[in-house]
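Asker: Sharing query23.txt below, compact mmCIF, C-alpha atoms and all ligand atoms:
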# COMPACT_ATOMS: atom_id res chain seq x y z
CA MET A 1 0.43 10.77 -8.51
CA LYS A 2 1.47 8.48 -5.68
CA GLN A 3 -1.20 6.17 -4.27
CA ILE A 4 -1.69 4.93 -0.73
CA ILE A 5 -3.23 1.46 -0.64
CA VAL A 6 -5.44 0.56 2.32
CA GLY A 7 -4.49 -3.10 2.61
CA THR A 8 -7.79 -4.44 3.95
CA HIS A 9 -11.51 -4.17 3.35
CA ARG A 10 -12.39 -4.48 7.06
CA PRO A 11 -15.05 -1.91 8.05
CA ASP A 12 -13.73 0.99 10.13
CA SER A 13 -10.17 -0.29 9.75
CA ASN A 14 -7.13 1.22 11.40
CA SER A 15 -5.43 0.92 8.03
CA LYS A 16 -7.87 3.43 6.49
CA LYS A 17 -7.26 5.83 9.38
CA VAL A 18 -3.51 5.53 8.95
CA ALA A 19 -3.90 6.07 5.20
CA LEU A 20 -5.77 9.33 5.77
CA PHE A 21 -3.17 10.42 8.32
CA VAL A 22 -0.32 9.71 5.92
CA GLN A 23 -2.16 11.46 3.09
CA LYS A 24 -2.21 14.60 5.27
CA LEU A 25 1.53 14.30 5.92
CA TYR A 26 2.13 14.33 2.15
CA GLU A 27 -0.20 17.32 1.83
CA GLU A 28 1.88 19.15 4.43
CA LYS A 29 4.89 18.46 2.22
CA GLY A 30 3.08 20.00 -0.75
CA GLU A 31 2.07 16.78 -2.48
CA LYS A 32 -1.41 15.51 -3.32
CA VAL A 33 -1.52 11.73 -2.95
CA GLY A 34 -4.46 9.42 -3.76
CA ILE A 35 -5.95 6.60 -1.70
CA ILE A 36 -7.04 3.23 -3.06
CA ASP A 37 -9.34 1.71 -0.47
CA LEU A 38 -9.94 -2.01 -0.88
CA ALA A 39 -13.25 -1.63 0.97
CA GLN A 40 -14.52 0.36 -2.04
CA ILE A 41 -13.62 -2.11 -4.77
CA ASP A 42 -15.70 -5.28 -4.18
CA ILE A 43 -12.75 -7.49 -5.00
CA GLU A 44 -14.26 -10.63 -3.53
CA GLN A 45 -17.28 -10.35 -5.83
CA SER A 46 -14.94 -10.27 -8.80
CA HIS A 47 -13.44 -13.73 -8.29
CA GLY A 48 -13.48 -16.22 -11.09
CA GLY A 49 -14.78 -14.04 -13.87
CA HIS A 50 -11.54 -12.87 -15.36
CA PHE A 51 -8.96 -15.45 -14.27
CA GLY A 52 -8.95 -17.15 -17.61
CA GLY A 53 -12.62 -16.29 -18.07
CA LYS A 54 -14.36 -13.82 -20.34
CA ALA A 55 -16.22 -11.63 -17.85
CA PRO A 56 -15.11 -7.99 -17.94
CA LEU A 57 -13.52 -6.62 -14.79
CA PRO A 58 -15.89 -4.71 -12.49
CA ALA A 59 -15.49 -0.97 -13.19
CA LYS A 60 -14.04 0.01 -9.80
CA LEU A 61 -11.53 -2.81 -9.84
CA LYS A 62 -10.43 -1.93 -13.37
CA ALA A 63 -10.06 1.74 -12.44
CA ALA A 64 -7.94 0.83 -9.41
CA ILE A 65 -5.71 -1.48 -11.48
CA ASP A 66 -5.22 1.23 -14.12
CA THR A 67 -4.37 3.76 -11.42
CA ILE A 68 -1.72 1.45 -9.97
CA ALA A 69 -0.16 0.99 -13.40
CA THR A 70 0.43 4.73 -13.82
CA SER A 71 1.15 5.72 -10.21
CA GLU A 72 4.32 7.59 -9.38
CA GLY A 73 4.84 5.37 -6.32
CA LEU A 74 2.87 3.23 -3.90
CA ILE A 75 2.59 3.43 -0.13
CA LEU A 76 1.26 0.12 1.15
CA ILE A 77 -0.54 0.09 4.51
CA ILE A 78 -0.47 -3.55 5.58
CA PRO A 79 -2.19 -4.88 8.69
CA GLU A 80 -1.14 -8.26 10.09
CA TYR A 81 -3.83 -10.91 9.74
CA ASN A 82 -2.89 -14.38 10.99
CA GLY A 83 0.82 -13.80 10.60
CA SER A 84 0.65 -12.41 7.08
CA MET A 85 -1.04 -9.85 4.85
CA PRO A 86 -4.85 -9.81 4.44
CA GLY A 87 -5.95 -12.19 1.72
CA VAL A 88 -7.89 -9.45 0.00
CA LEU A 89 -4.70 -7.44 -0.49
CA LYS A 90 -2.90 -10.34 -2.16
CA SER A 91 -6.03 -10.93 -4.28
CA PHE A 92 -5.95 -7.31 -5.41
CA ILE A 93 -2.27 -7.54 -6.33
CA ASP A 94 -2.92 -10.71 -8.33
CA TYR A 95 -5.07 -8.59 -10.67
CA TRP A 96 -2.28 -6.10 -11.43
CA LYS A 97 -0.77 -5.98 -14.88
CA TYR A 98 2.70 -7.46 -15.24
CA PRO A 99 5.26 -6.08 -15.90
CA GLU A 100 3.83 -2.53 -16.12
CA SER A 101 2.49 -2.31 -12.58
CA PHE A 102 5.48 -3.82 -10.83
CA GLU A 103 8.80 -3.35 -12.61
CA GLY A 104 10.51 -0.22 -11.37
CA ARG A 105 7.53 0.88 -9.28
CA PRO A 106 8.76 2.61 -6.09
CA VAL A 107 7.01 1.08 -3.05
CA ALA A 108 7.03 2.13 0.61
CA PHE A 109 5.67 -0.01 3.46
CA ILE A 110 3.79 0.67 6.70
CA GLY A 111 2.92 -2.29 8.95
CA LEU A 112 0.14 -2.49 11.54
CA GLY A 113 -0.12 -5.19 14.16
CA GLY A 114 0.33 -6.32 17.73
CA MET A 115 3.68 -7.21 19.26
CA TRP A 116 5.63 -7.06 16.00
CA GLY A 117 3.90 -4.09 14.40
CA GLY A 118 3.16 -5.87 11.15
CA LEU A 119 6.75 -6.96 10.51
CA ARG A 120 5.64 -10.30 9.04
CA PRO A 121 3.15 -9.02 6.45
CA VAL A 122 5.50 -6.23 5.43
CA GLU A 123 8.32 -8.70 4.88
CA HIS A 124 6.00 -11.05 3.00
CA MET A 125 4.97 -8.16 0.79
CA MET A 126 8.58 -7.13 0.27
CA GLN A 127 9.26 -10.62 -1.09
CA VAL A 128 6.35 -10.26 -3.53
CA MET A 129 7.42 -6.81 -4.72
CA SER A 130 11.07 -7.76 -4.89
CA TYR A 131 10.27 -10.86 -6.94
CA ARG A 132 8.47 -8.60 -9.41
CA ASN A 133 11.37 -6.08 -9.58
CA ALA A 134 9.70 -3.14 -7.86
CA TYR A 135 11.98 -0.60 -6.14
CA LEU A 136 11.63 -1.24 -2.43
CA PHE A 137 12.03 1.81 -0.24
CA PRO A 138 14.04 0.63 2.80
CA ILE A 139 12.68 2.90 5.55
CA ARG A 140 9.63 1.01 6.79
CA VAL A 141 7.34 1.97 9.66
CA PHE A 142 5.94 -0.64 12.04
CA MET A 143 3.03 0.29 14.28
CA GLN A 144 3.02 -1.99 17.33
CA ASN A 145 -0.20 -2.54 19.31
CA VAL A 146 -1.80 -0.34 16.72
CA TRP A 147 -5.21 -0.39 18.42
CA LYS A 148 -3.64 1.50 21.35
CA ILE A 149 -2.10 4.29 19.32
CA VAL A 150 -4.67 5.00 16.57
CA THR A 151 -7.65 6.85 18.01
CA ALA A 152 -11.26 6.51 16.83
CA GLU A 153 -10.88 9.93 15.17
CA GLY A 154 -7.78 8.78 13.27
CA ASN A 155 -5.04 10.49 15.24
CA ILE A 156 -1.81 8.68 15.98
CA GLU A 157 -0.87 9.05 19.62
CA ASP A 158 2.74 7.95 19.48
CA THR A 159 5.21 10.70 18.75
CA ASN A 160 7.92 8.24 17.75
CA VAL A 161 5.68 6.65 15.12
CA VAL A 162 4.63 10.06 13.80
CA THR A 163 8.29 11.09 13.52
CA LEU A 164 9.07 7.90 11.60
CA LEU A 165 6.10 8.45 9.27
CA LYS A 166 7.23 12.02 8.55
CA GLN A 167 10.73 10.78 7.82
CA GLN A 168 9.33 8.17 5.47
CA VAL A 169 7.25 10.76 3.62
CA GLU A 170 10.17 13.12 3.16
CA ASP A 171 12.64 10.47 2.04
CA PHE A 172 10.19 8.53 -0.15
CA GLN A 173 9.51 11.75 -2.06
CA LYS A 174 13.25 12.07 -2.72
CA PHE A 175 13.59 8.36 -3.55
CA CYS A 176 10.87 8.61 -6.22
CA LYS A 177 12.39 11.78 -7.67
CA ALA A 178 15.85 10.21 -7.78
CA LEU A 179 14.56 7.18 -9.71
CA GLN A 180 12.62 9.40 -12.12
CA SER A 181 15.64 11.60 -12.76
CA GLN A 182 17.51 8.58 -14.15
CA GLY A 183 14.54 7.07 -16.01
CA LEU A 184 14.57 4.04 -13.73
CA ASP A 185 11.03 4.22 -12.35
CA ALA A 186 8.15 2.18 -13.72
CA ASN A 187 6.47 5.07 -15.56
CA SER A 188 9.70 5.94 -17.39
CA LYS A 189 10.23 2.28 -18.27
CA ASN A 190 6.65 1.94 -19.49
CA SER A 191 6.98 4.98 -21.74
CA GLN A 192 10.21 3.52 -23.21
CA ARG A 193 8.37 0.23 -23.79
CA SER A 194 5.47 1.70 -25.78
C1 LIG A 201 -8.47 -11.42 10.96
C2 LIG A 201 -7.45 -10.77 11.85
C3 LIG A 201 -6.28 -11.44 12.15
C4 LIG A 201 -5.30 -10.84 12.94
N1 LIG A 201 -4.14 -11.50 13.16
C5 LIG A 201 -3.12 -10.87 13.80
C6 LIG A 201 -1.86 -11.49 13.92
O1 LIG A 201 -1.61 -12.60 13.48
N2 LIG A 201 -0.86 -10.82 14.56
C7 LIG A 201 -1.06 -9.55 15.08
O2 LIG A 201 -0.13 -8.97 15.62
N3 LIG A 201 -2.26 -8.94 14.97
C8 LIG A 201 -3.28 -9.57 14.35
N4 LIG A 201 -4.50 -8.94 14.21
C9 LIG A 201 -4.65 -7.60 14.76
C10 LIG A 201 -4.54 -6.56 13.66
O3 LIG A 201 -3.26 -6.49 13.10
C11 LIG A 201 -4.94 -5.19 14.19
O4 LIG A 201 -6.21 -5.31 14.79
C12 LIG A 201 -5.00 -4.16 13.10
O5 LIG A 201 -5.58 -2.99 13.59
C13 LIG A 201 -5.86 -4.66 11.97
O6 LIG A 201 -5.86 -3.70 10.98
P1 LIG A 201 -7.22 -3.09 10.44
O7 LIG A 201 -7.85 -2.39 11.63
O8 LIG A 201 -6.77 -2.18 9.40
O9 LIG A 201 -8.05 -4.24 9.98
C14 LIG A 201 -5.51 -9.55 13.47
C15 LIG A 201 -6.71 -8.88 13.19
C16 LIG A 201 -7.66 -9.46 12.37
C17 LIG A 201 -8.92 -8.70 12.03
With the file now loaded, output its structure as C-alpha cells.

Answerer:
Amino acid sequence: MKQIIVGTHRPDSNSKKVALFVQKLYEEKGEKVGIIDLAQIDIEQSHGGHFGGKAPLPAKLKAAIDTIATSEGLILIIPEYNGSMPGVLKSFIDYWKYPESFEGRPVAFIGLGGMWGGLRPVEHMMQVMSYRNAYLFPIRVFMQNVWKIVTAEGNIEDTNVVTLLKQQVEDFQKFCKALQSQGLDANSKNSQRS
C-alpha cells in the first residue's frame, strides 16, 4: 500500500488536511492509500534512546518505520518551515532503515508554503531521497499561499492545484506500476535481497 506522510506534527496542520484530500483522490481512482501522521508518533520524545543506545523504539514509531519499509510508494506532504522542511520530518526520516526504506522506493512530493509554495523544502527533500537512491517522481505540486486555498474543512479552493493533484495521482499510480513490472521498485529489490 502507498503511504502519504504528513510532514509536520503541528496541531491542525494544513499538511494533514491536504493528506486527507489526496487520500480521497486516490480512493476515487480505486486505490486505498494509508496516512502516516507525524503528530501521532511522538518522535520528539524518542530522541536519544536508540541512536547508538539500547532503548527500544516507541511502538508507534517502530510501526511507522516498518510501514515505510514495505510501502508501495510514498507521497510526501512537505510544508515550508524557515526555508526548509520541518525538523520533525527529517528526524523521522533519520530513523528509517537503510537501504530497505530508500533504495528504489517511489516518492512523490507536494509542497506547501507562501510565495514559493514549498519549493525549497521539496527540493531539499529531493536531494535527500536522491542521495539514498529512491525513485523520484518528477511531477511535483506546489501550493502557494496555502493558508488562502485550504479551507478549515479541508477543501482545496484552487482548481488549478486540484487539477495538478489529480494528474499527480494518476501518473504516480502508473509510475509505481511501471517500476514494479520491471522489478525495480524497493519492495522487489528487498525480496531479491532476502
Ligand atoms: C515554523 C514555521 C515556519 C514557517 N516558515 C515559512 C517559510 O520560511 N516560508 C514560507 O513560505 N512559509 C513559511 N511558513 C508558513 C507555512 O509554510 C504555512 O503556514 C503552512 O501552512 C504550514 O504547514 P502546516 O499548516 O502543515 O504546518 C512557516 C510556518 C511555520 C509554522

Asker: May I ask you to write as a PyMOL selection string all residues lying at most 8 Å from ligand LIG 201 (chain A), with only C-alpha atoms and all ligand atoms counted?

Answerer: chain A and resi 6-16+78-84+86+112-118+144-147

Asker: Could you tell me how far atom CA of Asp171 of chain A lies from atom CA of Asn187 of chain A, in Å and to one decimal?

Answerer: 19.4 Å

Asker: Compile a residue-level contact table for segment 167-186 of chain A against segment 22-30 of chain A at a cut-off of 12 Å, reporting for every qualifying residue the shortest atom pair and its distance in Å to one decimal, with all atoms listed in the file counted, rows ordered by chain and ascending number, as CSV.

Answerer:
residue,atom,partner,partner_atom,distance
A:Gln167,CA,A:Leu25,CA,10.0
A:Gln168,CA,A:Val22,CA,9.8
A:Val169,CA,A:Tyr26,CA,6.4
A:Glu170,CA,A:Lys29,CA,7.6
A:Asp171,CA,A:Lys29,CA,11.1
A:Phe172,CA,A:Tyr26,CA,10.2
A:Gln173,CA,A:Tyr26,CA,8.9
A:Lys174,CA,A:Lys29,CA,11.6

Asker: Would you list the contacts of Val33 of chain A as a ChimeraX atom specification, taking every protein, DNA or RNA residue within 6 Å and counting only C-alpha atoms, but skipping same-chain residues closer than 6 positions in sequence?

Answerer: /A:1-3

Asker: So that I can check the surroundings of Ala64 of chain A, please list as a list in words every protein, DNA and RNA residue that reaches within 7 Å of it, counting all atoms listed in the file and ignoring chain neighbours fewer than 4 positions away.

Answerer: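 Those residues are Ile36, Lys60 and Ile68 of chain A.
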
Asker: Could you write out the selected residues, including C-alpha atoms, as a PDB file, in the coordinates of the input?

Answerer:
ATOM      1  CA  ILE A  36      -7.040   3.230  -3.060  1.00  0.00           C
ATOM      2  CA  LYS A  60     -14.040   0.010  -9.800  1.00  0.00           C
ATOM      3  CA  ILE A  68      -1.720   1.450  -9.970  1.00  0.00           C
TER       4      ILE A  68
END

Asker: Using atom CA of Thr67 of chain A and atom CA of Ala152 of chain A as the two end points, give the distance in Å to one decimal.

Answerer: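 Atom CA of Ala152 of chain A lies at a distance of 29.2 Å from atom CA of Thr67 of chain A.
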
Asker: Using all atoms listed in the file, determine which residues lie at most 7 Å from Ile4 of chain A, disregarding the query and same-chain residues fewer than 3 positions distant; provide the list as a compact mmCIF listing (two decimals) with C-alpha atoms, in the coordinates of the input.

Answerer:
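Heads up, here's the output in out-v9.txt:
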# COMPACT_ATOMS: atom_id res chain seq x y z
CA ALA A 19 -3.90 6.07 5.20
CA GLY A 34 -4.46 9.42 -3.76
CA ILE A 35 -5.95 6.60 -1.70
CA ILE A 36 -7.04 3.23 -3.06
CA LEU A 74 2.87 3.23 -3.90
CA ILE A 75 2.59 3.43 -0.13
CA LEU A 76 1.26 0.12 1.15

Asker: Ranking A:Val18, A:Ile65, A:Ile5, A:Ala178 by minimum distance to Glu157 of chain A and counting only C-alpha atoms, which one comes first?

Answerer: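 Looking at the shortest contact to Glu157 of chain A, the residue is A:Val18.
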
Asker: State, in Å with one decimal place, the distance from atom CA of Ala108 of chain A to atom CA of Ala186 of chain A.

Answerer: 14.4 Å

Asker: For the point (14.0, -1.4, -4.0) in file coordinates, what residues are within 9 Å, counting only C-alpha atoms? Give the answer as a compact mmCIF listing (two decimals) with C-alpha atoms, in the frame of the given file?

Answerer:
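After the write, selection.txt holds the following:
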# COMPACT_ATOMS: atom_id res chain seq x y z
CA GLY A 104 10.51 -0.22 -11.37
CA ARG A 105 7.53 0.88 -9.28
CA PRO A 106 8.76 2.61 -6.09
CA VAL A 107 7.01 1.08 -3.05
CA MET A 126 8.58 -7.13 0.27
CA MET A 129 7.42 -6.81 -4.72
CA SER A 130 11.07 -7.76 -4.89
CA ASN A 133 11.37 -6.08 -9.58
CA ALA A 134 9.70 -3.14 -7.86
CA TYR A 135 11.98 -0.60 -6.14
CA LEU A 136 11.63 -1.24 -2.43
CA PHE A 137 12.03 1.81 -0.24
CA PRO A 138 14.04 0.63 2.80

Asker: Taking all atoms listed in the file into account, which of A:Val150, A:Gln127, A:Pro58, A:Leu20 comes nearest Gln40 of chain A?

Answerer: A:Pro58

Asker: When you count all atoms listed in the file, which of these residues is closest to Ala69 of chain A: A:Leu57, A:Ile110, A:Ile93, A:Val88?

Answerer: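 The shortest atom-to-atom distance to Ala69 of chain A comes from A:Ile93.
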
Asker: Pick the closest to Pro99 of chain A from A:Ser71, A:Phe142, A:Gln180, A:Asn190: which is it, counting only C-alpha atoms?

Answerer: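 Closest residue, counting only C-alpha atoms: A:Asn190.
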
Asker: Step by step, gather every atom of segment 180-191 of chain A that the file lists, find the box along x, y and z that holds them, add 4 Å on each side, and finally give centre and edge lengths in Å to one decimal, as JSON.

Answerer:
{"center_x": 12.0, "center_y": 6.8, "center_z": -16.9, "size_x": 19.0, "size_y": 17.7, "size_z": 17.6}

Asker: Between A:Leu165, A:Lys62, A:Thr151, A:Lys90, single out the one closest to Phe109 of chain A, counting all atoms listed in the file.

Answerer: A:Leu165

Asker: Quick one: of A:Tyr95, A:Phe175, A:Phe102, A:Tyr131, who's nearest to Ile43 of chain A, counting all atoms listed in the file?

Answerer: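 Closest candidate: A:Tyr95.
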